[in-house]
file model36.pdb (PDB, C-alpha atoms and all ligand atoms)
ATOM      1  CA  MET A   1       2.992  18.245  18.787  1.00  0.00           C
ATOM      2  CA  LYS A   2       0.273  16.749  21.001  1.00  0.00           C
ATOM      3  CA  ALA A   3      -2.478  14.812  19.244  1.00  0.00           C
ATOM      4  CA  LYS A   4      -6.131  15.789  19.445  1.00  0.00           C
ATOM      5  CA  GLU A   5      -8.553  13.411  21.160  1.00  0.00           C
ATOM      6  CA  GLY A   6      -8.961  10.019  19.479  1.00  0.00           C
ATOM      7  CA  VAL A   7      -6.536  10.768  16.640  1.00  0.00           C
ATOM      8  CA  LEU A   8      -3.740   8.427  17.766  1.00  0.00           C
ATOM      9  CA  ASP A   9      -6.183   5.524  18.093  1.00  0.00           C
ATOM     10  CA  ILE A  10      -7.425   6.175  14.578  1.00  0.00           C
ATOM     11  CA  LEU A  11      -3.886   6.392  13.194  1.00  0.00           C
ATOM     12  CA  ASN A  12      -2.874   3.141  14.893  1.00  0.00           C
ATOM     13  CA  GLY A  13      -6.048   1.471  13.610  1.00  0.00           C
ATOM     14  CA  VAL A  14      -5.237   2.522  10.049  1.00  0.00           C
ATOM     15  CA  LEU A  15      -1.602   1.498  10.535  1.00  0.00           C
ATOM     16  CA  LYS A  16      -2.734  -2.004  11.494  1.00  0.00           C
ATOM     17  CA  ALA A  17      -4.726  -2.269   8.251  1.00  0.00           C
ATOM     18  CA  GLU A  18      -1.828  -0.921   6.155  1.00  0.00           C
ATOM     19  CA  LEU A  19       0.701  -3.313   7.714  1.00  0.00           C
ATOM     20  CA  THR A  20      -1.714  -6.187   7.133  1.00  0.00           C
ATOM     21  CA  ALA A  21      -2.000  -5.094   3.490  1.00  0.00           C
ATOM     22  CA  VAL A  22       1.812  -5.174   3.142  1.00  0.00           C
ATOM     23  CA  HIS A  23       1.888  -8.786   4.372  1.00  0.00           C
ATOM     24  CA  GLN A  24      -1.122  -9.785   2.307  1.00  0.00           C
ATOM     25  CA  TYR A  25       0.247  -8.317  -0.934  1.00  0.00           C
ATOM     26  CA  LEU A  26       3.700  -9.792  -0.422  1.00  0.00           C
ATOM     27  CA  LEU A  27       2.037 -13.187  -0.008  1.00  0.00           C
ATOM     28  CA  HIS A  28      -0.196 -12.668  -3.034  1.00  0.00           C
ATOM     29  CA  ALA A  29       2.749 -11.461  -5.150  1.00  0.00           C
ATOM     30  CA  ALA A  30       4.602 -14.665  -4.261  1.00  0.00           C
ATOM     31  CA  LEU A  31       1.526 -16.841  -4.889  1.00  0.00           C
ATOM     32  CA  CYS A  32       1.031 -15.291  -8.352  1.00  0.00           C
ATOM     33  CA  LYS A  33       4.688 -15.912  -9.129  1.00  0.00           C
ATOM     34  CA  SER A  34       4.406 -19.537  -8.016  1.00  0.00           C
ATOM     35  CA  TRP A  35       1.323 -19.973 -10.248  1.00  0.00           C
ATOM     36  CA  GLY A  36       3.265 -18.534 -13.215  1.00  0.00           C
ATOM     37  CA  TYR A  37       1.477 -15.174 -13.476  1.00  0.00           C
ATOM     38  CA  GLU A  38       4.400 -12.779 -13.785  1.00  0.00           C
ATOM     39  CA  ARG A  39       2.240  -9.794 -14.668  1.00  0.00           C
ATOM     40  CA  LEU A  40       0.115 -10.177 -11.542  1.00  0.00           C
ATOM     41  CA  HIS A  41       3.239 -10.717  -9.478  1.00  0.00           C
ATOM     42  CA  ASP A  42       4.527  -7.333 -10.653  1.00  0.00           C
ATOM     43  CA  HIS A  43       1.291  -5.587  -9.817  1.00  0.00           C
ATOM     44  CA  TYR A  44       1.073  -7.116  -6.338  1.00  0.00           C
ATOM     45  CA  SER A  45       4.696  -6.112  -5.680  1.00  0.00           C
ATOM     46  CA  HIS A  46       3.783  -2.561  -6.677  1.00  0.00           C
ATOM     47  CA  LEU A  47       0.772  -2.651  -4.325  1.00  0.00           C
ATOM     48  CA  ALA A  48       2.900  -3.975  -1.447  1.00  0.00           C
ATOM     49  CA  ASN A  49       5.288  -1.100  -2.021  1.00  0.00           C
ATOM     50  CA  GLU A  50       2.503   1.473  -1.866  1.00  0.00           C
ATOM     51  CA  GLU A  51       1.252  -0.049   1.391  1.00  0.00           C
ATOM     52  CA  VAL A  52       4.792   0.163   2.815  1.00  0.00           C
ATOM     53  CA  GLN A  53       4.756   3.869   1.968  1.00  0.00           C
ATOM     54  CA  HIS A  54       1.357   4.317   3.637  1.00  0.00           C
ATOM     55  CA  SER A  55       2.620   2.498   6.740  1.00  0.00           C
ATOM     56  CA  GLY A  56       5.826   4.547   6.871  1.00  0.00           C
ATOM     57  CA  GLY A  57       3.909   7.812   6.544  1.00  0.00           C
ATOM     58  CA  LEU A  58       1.600   6.822   9.400  1.00  0.00           C
ATOM     59  CA  ILE A  59       4.502   5.814  11.645  1.00  0.00           C
ATOM     60  CA  ASP A  60       6.202   9.180  10.995  1.00  0.00           C
ATOM     61  CA  HIS A  61       3.002  11.057  11.750  1.00  0.00           C
ATOM     62  CA  ILE A  62       2.240   9.112  14.958  1.00  0.00           C
ATOM     63  CA  LEU A  63       5.743   9.953  16.211  1.00  0.00           C
ATOM     64  CA  TYR A  64       5.238  13.591  15.208  1.00  0.00           C
ATOM     65  CA  LEU A  65       2.096  13.608  17.361  1.00  0.00           C
ATOM     66  CA  GLU A  66       4.138  12.149  20.260  1.00  0.00           C
ATOM     67  CA  GLY A  67       2.358   8.804  20.089  1.00  0.00           C
ATOM     68  CA  THR A  68       3.638   5.225  19.953  1.00  0.00           C
ATOM     69  CA  PRO A  69       3.258   3.476  16.592  1.00  0.00           C
ATOM     70  CA  ASP A  70       1.828  -0.009  17.108  1.00  0.00           C
ATOM     71  CA  VAL A  71       3.669  -2.229  14.642  1.00  0.00           C
ATOM     72  CA  GLU A  72       3.080  -5.450  16.565  1.00  0.00           C
ATOM     73  CA  HIS A  73      -0.481  -6.237  15.561  1.00  0.00           C
ATOM     74  CA  LEU A  74      -1.993  -7.356  12.278  1.00  0.00           C
ATOM     75  CA  ASP A  75      -5.483  -8.221  11.106  1.00  0.00           C
ATOM     76  CA  THR A  76      -6.000 -11.695   9.672  1.00  0.00           C
ATOM     77  CA  VAL A  77      -4.058 -12.091   6.432  1.00  0.00           C
ATOM     78  CA  GLY A  78      -6.185 -13.641   3.667  1.00  0.00           C
ATOM     79  CA  HIS A  79      -4.905 -16.874   2.116  1.00  0.00           C
ATOM     80  CA  GLY A  80      -6.639 -17.230  -1.236  1.00  0.00           C
ATOM     81  CA  GLN A  81      -6.377 -20.420  -3.262  1.00  0.00           C
ATOM     82  CA  SER A  82      -6.924 -18.910  -6.704  1.00  0.00           C
ATOM     83  CA  VAL A  83      -6.481 -15.632  -8.555  1.00  0.00           C
ATOM     84  CA  GLU A  84     -10.192 -14.888  -8.401  1.00  0.00           C
ATOM     85  CA  ALA A  85     -10.317 -15.664  -4.671  1.00  0.00           C
ATOM     86  CA  ILE A  86      -7.403 -13.369  -3.830  1.00  0.00           C
ATOM     87  CA  PHE A  87      -8.858 -10.568  -5.987  1.00  0.00           C
ATOM     88  CA  ARG A  88     -12.170 -10.811  -4.126  1.00  0.00           C
ATOM     89  CA  ALA A  89     -10.542 -10.944  -0.693  1.00  0.00           C
ATOM     90  CA  ASP A  90      -8.264  -8.000  -1.504  1.00  0.00           C
ATOM     91  CA  MET A  91     -11.122  -5.926  -2.891  1.00  0.00           C
ATOM     92  CA  GLU A  92     -13.087  -6.510   0.335  1.00  0.00           C
ATOM     93  CA  PHE A  93     -10.031  -5.657   2.401  1.00  0.00           C
ATOM     94  CA  GLU A  94      -9.488  -2.387   0.501  1.00  0.00           C
ATOM     95  CA  ARG A  95     -13.164  -1.474   0.881  1.00  0.00           C
ATOM     96  CA  GLU A  96     -12.914  -1.930   4.648  1.00  0.00           C
ATOM     97  CA  ASP A  97      -9.736   0.158   4.631  1.00  0.00           C
ATOM     98  CA  ALA A  98     -11.537   2.944   2.742  1.00  0.00           C
ATOM     99  CA  GLU A  99     -14.332   2.850   5.327  1.00  0.00           C
ATOM    100  CA  LEU A 100     -11.799   3.141   8.153  1.00  0.00           C
ATOM    101  CA  LEU A 101     -10.175   6.101   6.395  1.00  0.00           C
ATOM    102  CA  ARG A 102     -13.545   7.785   5.826  1.00  0.00           C
ATOM    103  CA  LYS A 103     -14.357   7.505   9.539  1.00  0.00           C
ATOM    104  CA  GLY A 104     -10.897   8.841  10.403  1.00  0.00           C
ATOM    105  CA  ILE A 105     -11.286  11.805   8.056  1.00  0.00           C
ATOM    106  CA  ALA A 106     -14.684  12.651   9.569  1.00  0.00           C
ATOM    107  CA  HIS A 107     -13.253  12.457  13.103  1.00  0.00           C
ATOM    108  CA  CYS A 108     -10.291  14.688  12.208  1.00  0.00           C
ATOM    109  CA  ALA A 109     -12.646  17.269  10.733  1.00  0.00           C
ATOM    110  CA  LYS A 110     -14.696  17.177  13.948  1.00  0.00           C
ATOM    111  CA  VAL A 111     -11.725  17.727  16.271  1.00  0.00           C
ATOM    112  CA  GLY A 112     -10.003  20.189  13.921  1.00  0.00           C
ATOM    113  CA  ASP A 113      -6.912  18.120  13.049  1.00  0.00           C
ATOM    114  CA  PHE A 114      -6.436  19.188   9.451  1.00  0.00           C
ATOM    115  CA  THR A 115      -2.919  17.797   9.053  1.00  0.00           C
ATOM    116  CA  THR A 116      -3.980  14.239   9.877  1.00  0.00           C
ATOM    117  CA  ARG A 117      -7.087  14.699   7.788  1.00  0.00           C
ATOM    118  CA  HIS A 118      -4.917  15.685   4.822  1.00  0.00           C
ATOM    119  CA  ILE A 119      -2.715  12.581   5.249  1.00  0.00           C
ATOM    120  CA  LEU A 120      -5.772  10.283   5.420  1.00  0.00           C
ATOM    121  CA  GLU A 121      -7.357  11.990   2.419  1.00  0.00           C
ATOM    122  CA  HIS A 122      -4.208  11.369   0.434  1.00  0.00           C
ATOM    123  CA  MET A 123      -4.291   7.691   1.429  1.00  0.00           C
ATOM    124  CA  ILE A 124      -7.929   7.235   0.477  1.00  0.00           C
ATOM    125  CA  ILE A 125      -7.096   8.308  -3.104  1.00  0.00           C
ATOM    126  CA  ASP A 126      -4.651   5.373  -3.407  1.00  0.00           C
ATOM    127  CA  THR A 127      -7.099   3.056  -1.628  1.00  0.00           C
ATOM    128  CA  GLU A 128      -9.900   3.874  -4.067  1.00  0.00           C
ATOM    129  CA  GLU A 129      -7.492   3.243  -6.952  1.00  0.00           C
ATOM    130  CA  HIS A 130      -6.723  -0.164  -5.427  1.00  0.00           C
ATOM    131  CA  ILE A 131     -10.437  -0.970  -5.147  1.00  0.00           C
ATOM    132  CA  ASP A 132     -10.946   0.104  -8.750  1.00  0.00           C
ATOM    133  CA  TRP A 133      -8.089  -2.097  -9.966  1.00  0.00           C
ATOM    134  CA  PHE A 134      -9.688  -5.217  -8.410  1.00  0.00           C
ATOM    135  CA  GLU A 135     -13.200  -4.269  -9.584  1.00  0.00           C
ATOM    136  CA  THR A 136     -11.960  -3.780 -13.144  1.00  0.00           C
ATOM    137  CA  ARG A 137     -10.077  -7.113 -13.181  1.00  0.00           C
ATOM    138  CA  LEU A 138     -13.085  -9.007 -11.799  1.00  0.00           C
ATOM    139  CA  LYS A 139     -15.267  -7.378 -14.444  1.00  0.00           C
ATOM    140  CA  ALA A 140     -12.777  -8.411 -17.151  1.00  0.00           C
ATOM    141  CA  ILE A 141     -12.853 -12.015 -15.860  1.00  0.00           C
ATOM    142  CA  SER A 142     -16.645 -12.091 -16.077  1.00  0.00           C
ATOM    143  CA  GLN A 143     -16.519 -10.673 -19.614  1.00  0.00           C
ATOM    144  CA  VAL A 144     -13.648 -12.544 -21.296  1.00  0.00           C
ATOM    145  CA  GLY A 145     -13.657 -15.632 -19.063  1.00  0.00           C
ATOM    146  CA  LEU A 146     -11.134 -16.739 -16.476  1.00  0.00           C
ATOM    147  CA  GLU A 147      -8.969 -18.773 -18.864  1.00  0.00           C
ATOM    148  CA  GLN A 148      -8.531 -15.929 -21.337  1.00  0.00           C
ATOM    149  CA  PHE A 149      -7.825 -13.459 -18.535  1.00  0.00           C
ATOM    150  CA  LEU A 150      -5.223 -15.712 -16.929  1.00  0.00           C
ATOM    151  CA  SER A 151      -3.492 -16.451 -20.223  1.00  0.00           C
ATOM    152  CA  GLU A 152      -2.750 -12.718 -20.466  1.00  0.00           C
ATOM    153  CA  GLN A 153      -1.145 -12.612 -16.995  1.00  0.00           C
ATOM    154  CA  ILE A 154       1.693 -15.009 -17.758  1.00  0.00           C
ATOM    155  CA  LYS A 155       4.049 -12.511 -19.401  1.00  0.00           C
ATOM    156  CA  LYS A 156       5.034  -9.137 -17.968  1.00  0.00           C
TER     157      LYS A 156
HETATM  158 FE    FE A 201      -2.903   1.631   1.844  1.00  0.00          FE
HETATM  159 FE    FE A 202      -4.472  -0.337  -0.537  1.00  0.00          FE
END
call {"tool": "encode", "arguments": {"input": "model36.pdb", "output": "structure tokens", "more": "lines below"}}
Ligand SMILES: [Fe+2]
Ligand SMILES: [Fe+2]
result
Amino acid sequence: MKAKEGVLDILNGVLKAELTAVHQYLLHAALCKSWGYERLHDHYSHLANEEVQHSGGLIDHILYLEGTPDVEHLDTVGHGQSVEAIFRADMEFEREDAELLRKGIAHCAKVGDFTTRHILEHMIIDTEEHIDWFETRLKAISQVGLEQFLSEQIKK
């Protein structure tokens, strides 16, 4: 099926963000493991997996619309030096992703592509959950203190 105007560019833009998220979360999972925070390692692995699923879904849909999935470009991957720093960077990244999805959804509604809109709407639900996870953890750190928070991340 042929894509409506601008839709393939939007899908490839979102794909770039999702692929970047896969790389970023794999790195952050490994960093948490190397720092001894098994519980955070597990959560980041779970996030990486969800981003792989988002990326795969986008690639399928781009092909369905007779486009070419761009898997060769990434945004800058964040390299945090501490748990708090990676949480903040990832929260920002997810917020930008949500903004990209919101713009995509609005464009799809305008050009009448309800299938793509549905796919992006499904992705924004996960993205908002990701934002919420980081917001909640950062709130917990400010309430119980970093040391206490980290001591609870050592065991699964
Ligand atoms: Fe995602
Ligand atoms: Fe995400």
call {"tool": "residues_near_ligand", "arguments": {"input": "model36.pdb", "ligand": "ligand FE 201 (chain A)", "cutoff": "10 Å", "atoms": "only C-alpha atoms and all ligand atoms", "output": "PDB file with C-alpha atoms, keeping the file's coordinate frame"}}
result
ATOM      1  CA  VAL A  14      -5.237   2.522  10.049  1.00  0.00           C
ATOM      2  CA  LEU A  15      -1.602   1.498  10.535  1.00  0.00           C
ATOM      3  CA  ALA A  17      -4.726  -2.269   8.251  1.00  0.00           C
ATOM      4  CA  GLU A  18      -1.828  -0.921   6.155  1.00  0.00           C
ATOM      5  CA  LEU A  19       0.701  -3.313   7.714  1.00  0.00           C
ATOM      6  CA  THR A  20      -1.714  -6.187   7.133  1.00  0.00           C
ATOM      7  CA  ALA A  21      -2.000  -5.094   3.490  1.00  0.00           C
ATOM      8  CA  VAL A  22       1.812  -5.174   3.142  1.00  0.00           C
ATOM      9  CA  LEU A  47       0.772  -2.651  -4.325  1.00  0.00           C
ATOM     10  CA  ALA A  48       2.900  -3.975  -1.447  1.00  0.00           C
ATOM     11  CA  ASN A  49       5.288  -1.100  -2.021  1.00  0.00           C
ATOM     12  CA  GLU A  50       2.503   1.473  -1.866  1.00  0.00           C
ATOM     13  CA  GLU A  51       1.252  -0.049   1.391  1.00  0.00           C
ATOM     14  CA  VAL A  52       4.792   0.163   2.815  1.00  0.00           C
ATOM     15  CA  GLN A  53       4.756   3.869   1.968  1.00  0.00           C
ATOM     16  CA  HIS A  54       1.357   4.317   3.637  1.00  0.00           C
ATOM     17  CA  SER A  55       2.620   2.498   6.740  1.00  0.00           C
ATOM     18  CA  GLU A  94      -9.488  -2.387   0.501  1.00  0.00           C
ATOM     19  CA  ASP A  97      -9.736   0.158   4.631  1.00  0.00           C
ATOM     20  CA  ALA A  98     -11.537   2.944   2.742  1.00  0.00           C
ATOM     21  CA  LEU A 101     -10.175   6.101   6.395  1.00  0.00           C
ATOM     22  CA  LEU A 120      -5.772  10.283   5.420  1.00  0.00           C
ATOM     23  CA  HIS A 122      -4.208  11.369   0.434  1.00  0.00           C
ATOM     24  CA  MET A 123      -4.291   7.691   1.429  1.00  0.00           C
ATOM     25  CA  ILE A 124      -7.929   7.235   0.477  1.00  0.00           C
ATOM     26  CA  ILE A 125      -7.096   8.308  -3.104  1.00  0.00           C
ATOM     27  CA  ASP A 126      -4.651   5.373  -3.407  1.00  0.00           C
ATOM     28  CA  THR A 127      -7.099   3.056  -1.628  1.00  0.00           C
ATOM     29  CA  GLU A 128      -9.900   3.874  -4.067  1.00  0.00           C
ATOM     30  CA  HIS A 130      -6.723  -0.164  -5.427  1.00  0.00           C
TER      31      HIS A 130
END
call {"tool": "closest_residue", "arguments": {"input": "model36.pdb", "among": "A:Arg95, A:Lys110, A:Lys2, A:His79", "to": "ligand FE 202 (chain A)", "atoms": "all atoms listed in the file"}}
result
A:Arg95
call {"tool": "atom_distance", "arguments": {"input": "model36.pdb", "atom1": "CA of Leu65 in chain A", "atom2": "CA of Arg102 in chain A"}}
result
20.3 Å
call {"tool": "atom_distance", "arguments": {"input": "model36.pdb", "atom1": "CA of Asp75 in chain A", "atom2": "CA of Leu40 in chain A"}}
result
23.4 Å
call {"tool": "closest_residue", "arguments": {"input": "model36.pdb", "among": "A:Tyr64, A:Tyr44, A:Phe149, A:Trp35", "to": "ligand FE 202 (chain A)", "atoms": "all atoms listed in the file"}}
result
A:Tyr44
call {"tool": "closest_residue", "arguments": {"input": "model36.pdb", "among": "A:Arg88, A:Ala106, A:Glu147, A:Ala3", "to": "Glu66 in chain A", "atoms": "all atoms listed in the file"}}
result
A:Ala3
call {"tool": "residues_around", "arguments": {"input": "model36.pdb", "residues": "range 141-146 of chain A", "least_positions_apart": "4", "cutoff": "12 Å", "atoms": "all atoms listed in the file", "output": "MDAnalysis selection string"}}
result
chainID A and resid 82:85 87:88 134:137 150:153
call {"tool": "closest_residue", "arguments": {"input": "model36.pdb", "among": "A:Gly36, A:Gly13, A:Gly57, A:Gly78", "to": "Gly104 in chain A", "atoms": "only C-alpha atoms"}}
result
A:Gly13
call {"tool": "residues_around", "arguments": {"input": "model36.pdb", "residues": "His107 in chain A", "least_positions_apart": "3", "cutoff": "9 Å", "atoms": "all atoms listed in the file", "output": "ChimeraX atom specification"}}
result
/A:6-7,10,102-104,110-113,117
call {"tool": "closest_residue", "arguments": {"input": "model36.pdb", "among": "A:His23, A:Lys155, A:Lys33, A:His118", "to": "ligand FE 202 (chain A)", "atoms": "all atoms listed in the file"}}
result
A:His23
call {"tool": "closest_residue", "arguments": {"input": "model36.pdb", "among": "A:Leu31, A:Met91, A:Ile62, A:Ala109", "to": "Glu121 in chain A", "atoms": "only C-alpha atoms"}}
result
A:Ala109
call {"tool": "atom_distance", "arguments": {"input": "model36.pdb", "atom1": "CA of Ile105 in chain A", "atom2": "CA of Gly56 in chain A"}}
result
18.6 Å
